[in-house]
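> Pasting a structure below so you can have a look.
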Amino acid sequence: MKEICQSVKKKDHDPKIEGRSVYVDDYNLTASGKKILCGRLLHSIYAKAKVLSVTVPELPEGYYWVDRNDIPGDNNVNIVLDDTPVFCRDTVEYIGEPIGMVVGPDEKAVEALLKKIEVEYEELEPMLDLRNGDTTFFDYHFGHGDVDKAFAEADKVYEEEFTTGYQDQTYLEPQGMMAEPEEDGRMFVHGSLQCPYYVHGAVARAMGTGPEGVHILQDVTGGGFGGKEDFPSILGCQVAVAAKKTGQPVRCVYNRREDLEFTPKRHPSLSKYKLAVKDGMVTAVEADVRFDAGAYSTLSAVVLQRGIIAAPGIYNIPNVRVTGKAVKTNTTPCGAYRGFGAPQTFFAIEMMMDHIAQDLGIDSIAFKQKHFAKQGDMTSTQGRYHFPVPIPAMLDEVDELCDLRRKHIEYSRPQSGRYRKGIGFSAIFHGAGFTGSGERDMIKATAKLRKYADGTVEVLASNGDIGQGVRTTFPKIVAHELNIPLDKVYYSHPDTARVPDSGPTVASRSLMIVGELLRRAAIKLRGIWEEGKEQEVEEHYKQPDFMIPFYLDRFEGDAYPTYAWAVSAVEVEVDTYTGVVEILGAYGNFDVGTPVDYNIVVGQMEGGFLQGLGYASIEKMSYDNKGRIRNNSFTDYLVPTTMDVPHMVAKMHVEEYPDGPYGAKGAGELPLVAPPPAYLEAVEMALGGMKKHRLNAIPFSTEDVILELNKEVL
Amino acid sequence: MNGIHFRLNGKDTCYDGSAADRLLDVLRDTYDMKSVKCGCKEGECGACAVLIDGVLVNSCCVAMGAVDAHEIVTVEGYRETARFAALSKAFADLSAVQCGFCIPGMILAAEALLSKNAHPTEEEVRTALSGNICRCTGYNAIVNAVLNAAKEGDGLW
Amino acid sequence: MVNGYKPTTLQEAVEIKSRVSVTPYAGGTDLMVRNIPDAVYLFLNDIDELRQITQDDAYIRIGAAVTFTQALDSDLVPPLMKEAISRIAAPAIRNAGTFGGNLGNASDKADSVLAGFALDGRVRLVSAKGERVIPFDDFCVRRGVTNIADDELIAEILLPKEKCALPYYYKKIGGRSALAISRVAFAGAYEVHNGVIQAISATVIGEGKFTRYREVEATLIGKSVDEVSANADAYAERFIEKMTFTRGRVSAEYRKTVVTNLFKDYFASMK
């Protein structure tokens, strides 16, 4: 293993474990000693309604009502399409939409006032149907080859529908933001967030100032997983408006119920797949993918793009036709969650390939292997896999870990008795960095290093540590290149007043893209290093030369420069009396290139793997016919505990990427994507296979096992 | 009886507020024990766990009246001990701390286990930590860190 | 104490209860989640006589303020009860949650209450005027409703020793492996001599209330275990036809199917 892979003590270990880290809810006073007002939001109780009037009771001294009339700038939050209001317009579009905020010194008094506000609504018919919903925010089409000819010439055509549910990020620290008016007139906004410059753009627009009128700091952030990509922009605008109106610092921290019910989560999906098979090979894929976007478009455009690009999976299929729609419903807007659209489509294609193999009477691992894409093959968007595809070797390694191939055949045979076993296999990629030319055309990342006279070096970038360890890995890269001790290099939580825009903390890009900029900056600094002198260097993103330009209007070209790869196997035992699925073993093999800190990367893989298993099984969340999310507490939305997966193995397979630092690729999202289809295939196998129980939906719960078995009796 | 008298991290303390107040809120707001985190306020995540008379309890599910005459320990009162140092080192060695929000509760859950059972099995560690939700790590690093602390810190518990 | 009373004896506690409107507080684990506005609590958690586990000739006696952890560490508490409470939530909740609270808050998902039902448990209720001991069956009316009088407090749970000594069956299915509310749970105790059933109890979580179908249980007495397990479906049906399953976090169909299966498993386990 390279020296850079060796694990170090994380830079934020001590303050976090000692309980000294200051998360946004932990400030007693502002840094400048001012008292902080408490803000609580009034949420809509209807999924769609006209707001006819809002009657606010007489407020005691020091208490305020804040709504859209108080917004100095524009009541549109800057995200992608900017259709999300800071506070609701004339109508509310989902249960939970913020109507306004009560602000005051005492939290209990604020909550009591909130209950006294009377809102007169005129209820309207909400749209709550993903399948038939006809309002689409985005509608994409792409493909290549002659799909119709392939279907016409096929030996057999397979069609199937797949659905996936919500998944909530369930970061342990709920959403929270705080705004402080500064003496120079600027608005200072900080809190639990992933993307300081996203919040910066949004707050500047809502406040009607130029970019120089605001600055944004990331506080210590208790987990994100995508959930703090767009939402802090909205909450940040709300507290900023409140702080502007009151002239005082205002903080709003969501409670868990608000957070579960009203903040973005993974898009539920409905995917219709049609595949042509000729001479035992898949010759065409047609995928029609619908994502439930919720009431506003927020990040749905980019989530959908990533999702549909992955629609054919990791397979080399010559003819491809893909349609993707982000459908509006009057529900909580969906947003980013680790995997970003890809878990939905990989789930579908993996299950589809498995079902075709079962129909053909061959082992699905072998069937999939015949179709694995390899280096040089065309991607779904007519780009190329420019680098080696290590999937076959990774599969062999997993086989060695858990005797996958033998068990896969053994458990596929008919089983009887109360307890039945299954093992599932899946293989996926995760495109590293922004989709298409996003890094080059939109993000244009800049990173800096500042060397002080005492020889310490500060990393200046805008990527937040949300637990994934960039406060450690960024300095590690710099210290390594400068050949100085790690404690001489540090990376503080970014404040947009001090750091350049190195882009958001998303898309598994921080280490691969920004880490590489920092590596190059360090080399530059090394070349000009002068003892005792303050020096600064800067690096800008440059798209690798080998990339085939990507055209978003046609979905043509290299959607990603390179790919991280994952293979997973999940072995289960199903209790047919109770429906309980015990996971006997969960095995993941991950290629994220060179792991820049082995422990940190393994921690990412294991954490993501478990989230993926939760997504497939116990994490159930849905809305009812009024558009209300019922699973709004930790009693009703269940994520895995220590007891749920006792045997989970994360193995690393290294296929170095020449344009990433030391060969590193994107890592964060990859591990979540593979487990769901592997899990469901295992359960289906335990239940007797597709011919007895065709499974095509996640989450698949204990209850679903029993209801499925009951169909057999009927 | 006037006020609620209890020991907080070794110090005699008297709380004059309502007996119905929530220990979690009082620890954070009145006594500035910010290591005690609020993850759900429903007893379902363990982020607010503290030790009462050495026993792990979720402070969101405790009213102040109940702690009268009892002893409370939070990470603020534990972080100077040799036991904490052993746990901290074991967690650091495996990079078991990611976002950090669950960690103070996790540490106290580990202490509660080890003080009762200095040489736990993996299964016993998993059971002892089963009320502490961590969304980042997948738990393996944390479970192994507690096992390593028990081994390396032999004699401390 | 502002908004609270903290008696040190049961006598003192029942006197306060007879005088003022207070909410009894033992472990707090359910109460604090309910977030009762302007609550005035009667703290029972430090009354020694409510924190004892004792026995007399007839009963294992568990004080109302005994925590689940305390019971798990006790040699007196029967294994069926221990198995049931060992699956409640997680350690921090088991360290605080109590038998009195589990019974008194009238949840239909209380794991210790299920075990108590299977063991013919009784509850001792005490007021300033006196006390009474009634079976769990009479105490639990339905979800949210018990037979406790305004001036009474739960003092003890009594488990008949002859039932505690019986072989038993217990199964809980929650939404995950820990920190899970029972979606279905099944508890039973039985006595078999020479292959013939002498006594049997069977009770479940999943009906929205706690009940024993004693008249159905009685029809199994005198039957051979072989006969019952060979015709498990038919014997299970005798119970199932009396039962009404609720839907909530899971469907009634799920609950019914699982309970039917667990009856089969229960009968088979008697062999």
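Chain labels run A, B, ... following the order of the structure tokens; each chain numbers its residues from 1, and ligands are numbered from 1 in the order shown.
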Quick one: residues within 10 Å of Ala165 (chain C), only C-alpha atoms, excluding same-chain residues fewer than 4 positions away - as a PyMOL selection string?
chain C and resi 78-80+119+160-161+189-191
> Limited to all heavy atoms, could you put the picked residues into a file as a short mmCIF file (atom, residue, chain, number, x, y, z; two decimals), in the first residue's frame?

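This went into result-v5.cif:
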data_model
loop_
_atom_site.label_atom_id
_atom_site.label_comp_id
_atom_site.auth_asym_id
_atom_site.auth_seq_id
_atom_site.Cartn_x
_atom_site.Cartn_y
_atom_site.Cartn_z
N PRO C 78 -38.64 -14.91 36.31
CA PRO C 78 -38.68 -16.11 35.48
C PRO C 78 -38.15 -15.87 34.07
O PRO C 78 -38.19 -14.74 33.56
CB PRO C 78 -40.18 -16.46 35.44
CG PRO C 78 -40.87 -15.19 35.74
CD PRO C 78 -39.98 -14.42 36.66
N PRO C 79 -37.65 -16.93 33.44
CA PRO C 79 -37.01 -16.79 32.12
C PRO C 79 -37.94 -16.23 31.04
O PRO C 79 -37.46 -15.48 30.19
CB PRO C 79 -36.56 -18.21 31.77
CG PRO C 79 -37.14 -19.11 32.80
CD PRO C 79 -37.52 -18.30 33.98
N LEU C 80 -39.19 -16.57 31.06
CA LEU C 80 -40.08 -16.00 30.04
C LEU C 80 -40.11 -14.48 30.14
O LEU C 80 -39.99 -13.77 29.14
CB LEU C 80 -41.51 -16.57 30.19
CG LEU C 80 -42.61 -15.84 29.39
CD1 LEU C 80 -42.28 -15.75 27.91
CD2 LEU C 80 -43.96 -16.55 29.57
N LEU C 119 -48.28 -15.60 32.10
CA LEU C 119 -47.96 -16.23 33.39
C LEU C 119 -49.06 -16.00 34.43
O LEU C 119 -48.83 -16.18 35.62
CB LEU C 119 -46.62 -15.67 33.91
CG LEU C 119 -45.39 -15.99 33.06
CD1 LEU C 119 -44.17 -15.21 33.55
CD2 LEU C 119 -45.10 -17.49 33.07
N PRO C 160 -47.41 -15.77 39.61
CA PRO C 160 -47.57 -17.03 40.36
C PRO C 160 -46.38 -17.96 40.13
O PRO C 160 -46.00 -18.22 38.99
CB PRO C 160 -48.86 -17.63 39.78
CG PRO C 160 -49.55 -16.51 39.10
CD PRO C 160 -48.50 -15.55 38.66
N LYS C 161 -45.83 -18.45 41.22
CA LYS C 161 -44.59 -19.24 41.10
C LYS C 161 -44.79 -20.52 40.31
O LYS C 161 -43.88 -20.95 39.60
CB LYS C 161 -44.05 -19.56 42.49
CG LYS C 161 -43.32 -18.37 43.11
CD LYS C 161 -43.04 -18.59 44.55
CE LYS C 161 -41.58 -18.85 44.83
NZ LYS C 161 -41.34 -18.86 46.30
N ALA C 189 -47.04 -20.34 28.20
CA ALA C 189 -46.42 -21.26 29.14
C ALA C 189 -47.29 -22.51 29.17
O ALA C 189 -48.50 -22.42 28.95
CB ALA C 189 -46.33 -20.62 30.51
N TYR C 190 -46.68 -23.64 29.43
CA TYR C 190 -47.47 -24.87 29.34
C TYR C 190 -46.90 -25.93 30.27
O TYR C 190 -45.76 -25.86 30.72
CB TYR C 190 -47.48 -25.40 27.90
CG TYR C 190 -46.10 -25.67 27.35
CD1 TYR C 190 -45.51 -26.93 27.45
CD2 TYR C 190 -45.37 -24.64 26.75
CE1 TYR C 190 -44.23 -27.16 26.97
CE2 TYR C 190 -44.10 -24.86 26.27
CZ TYR C 190 -43.53 -26.12 26.37
OH TYR C 190 -42.26 -26.34 25.90
N GLU C 191 -47.76 -26.93 30.53
CA GLU C 191 -47.33 -28.04 31.36
C GLU C 191 -47.76 -29.31 30.64
O GLU C 191 -48.91 -29.44 30.23
CB GLU C 191 -48.03 -27.94 32.71
CG GLU C 191 -47.48 -28.89 33.72
CD GLU C 191 -48.11 -28.68 35.10
OE1 GLU C 191 -48.97 -27.77 35.22
OE2 GLU C 191 -47.76 -29.42 36.01
#
> Produce a table with one row for each residue of chain B that has an atom at most 7 Å from any atom of chain A, each row naming the nearest atom pair and its distance in Å at one decimal; use only C-alpha atoms; arrange rows by chain and rising residue number; format as a Markdown table.

| residue | atom | partner | partner_atom | distance |
| --- | --- | --- | --- | --- |
| B:Lys34 | CA | A:Asp26 | CA | 6.0 |
| B:Ser35 | CA | A:Gly19 | CA | 4.2 |
| B:Gly39 | CA | A:Leu172 | CA | 5.8 |
| B:Cys40 | CA | A:Arg256 | CA | 5.1 |
| B:Glu44 | CA | A:Phe634 | CA | 5.9 |
| B:Val75 | CA | A:Gly19 | CA | 6.6 |
| B:Arg79 | CA | A:Glu18 | CA | 6.0 |
| B:Ser88 | CA | A:Ile17 | CA | 6.9 |
| B:Ala92 | CA | A:Lys9 | CA | 5.5 |
| B:Asp93 | CA | A:Lys9 | CA | 6.5 |
| B:Leu94 | CA | A:Asn599 | CA | 6.1 |
| B:Ser95 | CA | A:Asn599 | CA | 5.9 |
| B:Val97 | CA | A:His13 | CA | 6.4 |
| B:Gln98 | CA | A:Gly467 | CA | 4.0 |
| B:Cys99 | CA | A:Gly467 | CA | 3.7 |
| B:Gly100 | CA | A:Lys16 | CA | 5.3 |
| B:Phe101 | CA | A:Gly222 | CA | 5.3 |
| B:Cys102 | CA | A:Leu172 | CA | 6.8 |
| B:Ile103 | CA | A:Ile17 | CA | 6.0 |
| B:Pro104 | CA | A:Ile17 | CA | 6.1 |
| B:Arg126 | CA | A:Thr642 | CA | 5.3 |
| B:Thr127 | CA | A:Met643 | CA | 6.7 |
| B:Leu129 | CA | A:Thr642 | CA | 6.6 |
| B:Ser130 | CA | A:Thr642 | CA | 5.2 |
| B:Ile133 | CA | A:Thr641 | CA | 6.0 |
| B:Arg135 | CA | A:Tyr171 | CA | 6.2 |
| B:Cys136 | CA | A:Gly607 | CA | 5.0 |
| B:Thr137 | CA | A:Gly607 | CA | 4.1 |
| B:Gly138 | CA | A:Gly607 | CA | 3.9 |
| B:Tyr139 | CA | A:Thr642 | CA | 6.0 |
> Which chain C residues have any atom within 6 Å of an atom of chain A, and for each, what is the nearest pair of atoms with distance in Å to one decimal, counting only C-alpha atoms, rows sorted by chain and number, as a tab-separated table?

residue	atom	partner	partner_atom	distance
C:Ser177	CA	A:Asp644	CA	5.5
C:Tyr254	CA	A:Glu703	CA	6.0
C:Val258	CA	A:Thr578	CA	5.3
C:Asn261	CA	A:Tyr577	CA	5.3
> Check which residues of chain C sit at most 6 Å from chain B using only C-alpha atoms, and return one row each with the closest pair of atoms and their distance in Å to one decimal, ordered by chain and rising number, as CSV.

residue,atom,partner,partner_atom,distance
C:Met1,CA,B:Asn2,CA,5.5
C:Val2,CA,B:Ser18,CA,4.8
C:Asn3,CA,B:Ala19,CA,5.4
C:Gly4,CA,B:Ala19,CA,5.4
C:Gly28,CA,B:Cys61,CA,5.5
C:Thr29,CA,B:Cys61,CA,5.0
C:Met32,CA,B:Cys61,CA,5.0
C:Val33,CA,B:Glu42,CA,5.2
C:Ala90,CA,B:Gly131,CA,4.7
C:Ala92,CA,B:Val57,CA,4.4
> Can you measure CA of Glu681 (chain A) to CA of Gly324 (chain A) for me? One decimal in Å is fine.
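We find that CA of Glu681 (chain A) and CA of Gly324 (chain A) lie 25.0 Å from each other.
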> What's the 8 Å shell around Cys38 (chain A), counting only C-alpha atoms, without same-chain residues fewer than 5 positions away, as a VMD selection string?
chain A and resid 103 to 107 110 250 to 252
> So which residues touch region 473-488 of chain A within 8 Å, counting only C-alpha atoms, skipping near sequence neighbours fewer than 2 positions away, as number ranges by chain?
A: 4, 455-457, 459, 469-471, 490-491, 511, 515, 518-519, 522-523, 525-526, 596-597, 661
> Per DSSP on the backbone, what are the helix (DSSP H, G or I) residues of region 1-58 of chain B, as a list in words?
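The helix (DSSP H, G or I) residues within region 1-58 of chain B come out as Leu23, Leu24, Asp25, Val26, Leu27, Arg28, Asp29 and Thr30 of chain B.
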> Near Arg290 (chain A), counting only C-alpha atoms, which residues have an atom at most 7 Å away, once you skip same-chain residues fewer than 3 positions from it, shown as number ranges by chain?
A: 269-271, 324-327
> Given the choices C:Glu217, C:Ala199, C:Tyr41, C:Thr246, which gets closest to Glu162 (chain C) if the distance is worked out from only C-alpha atoms?
C:Ala199
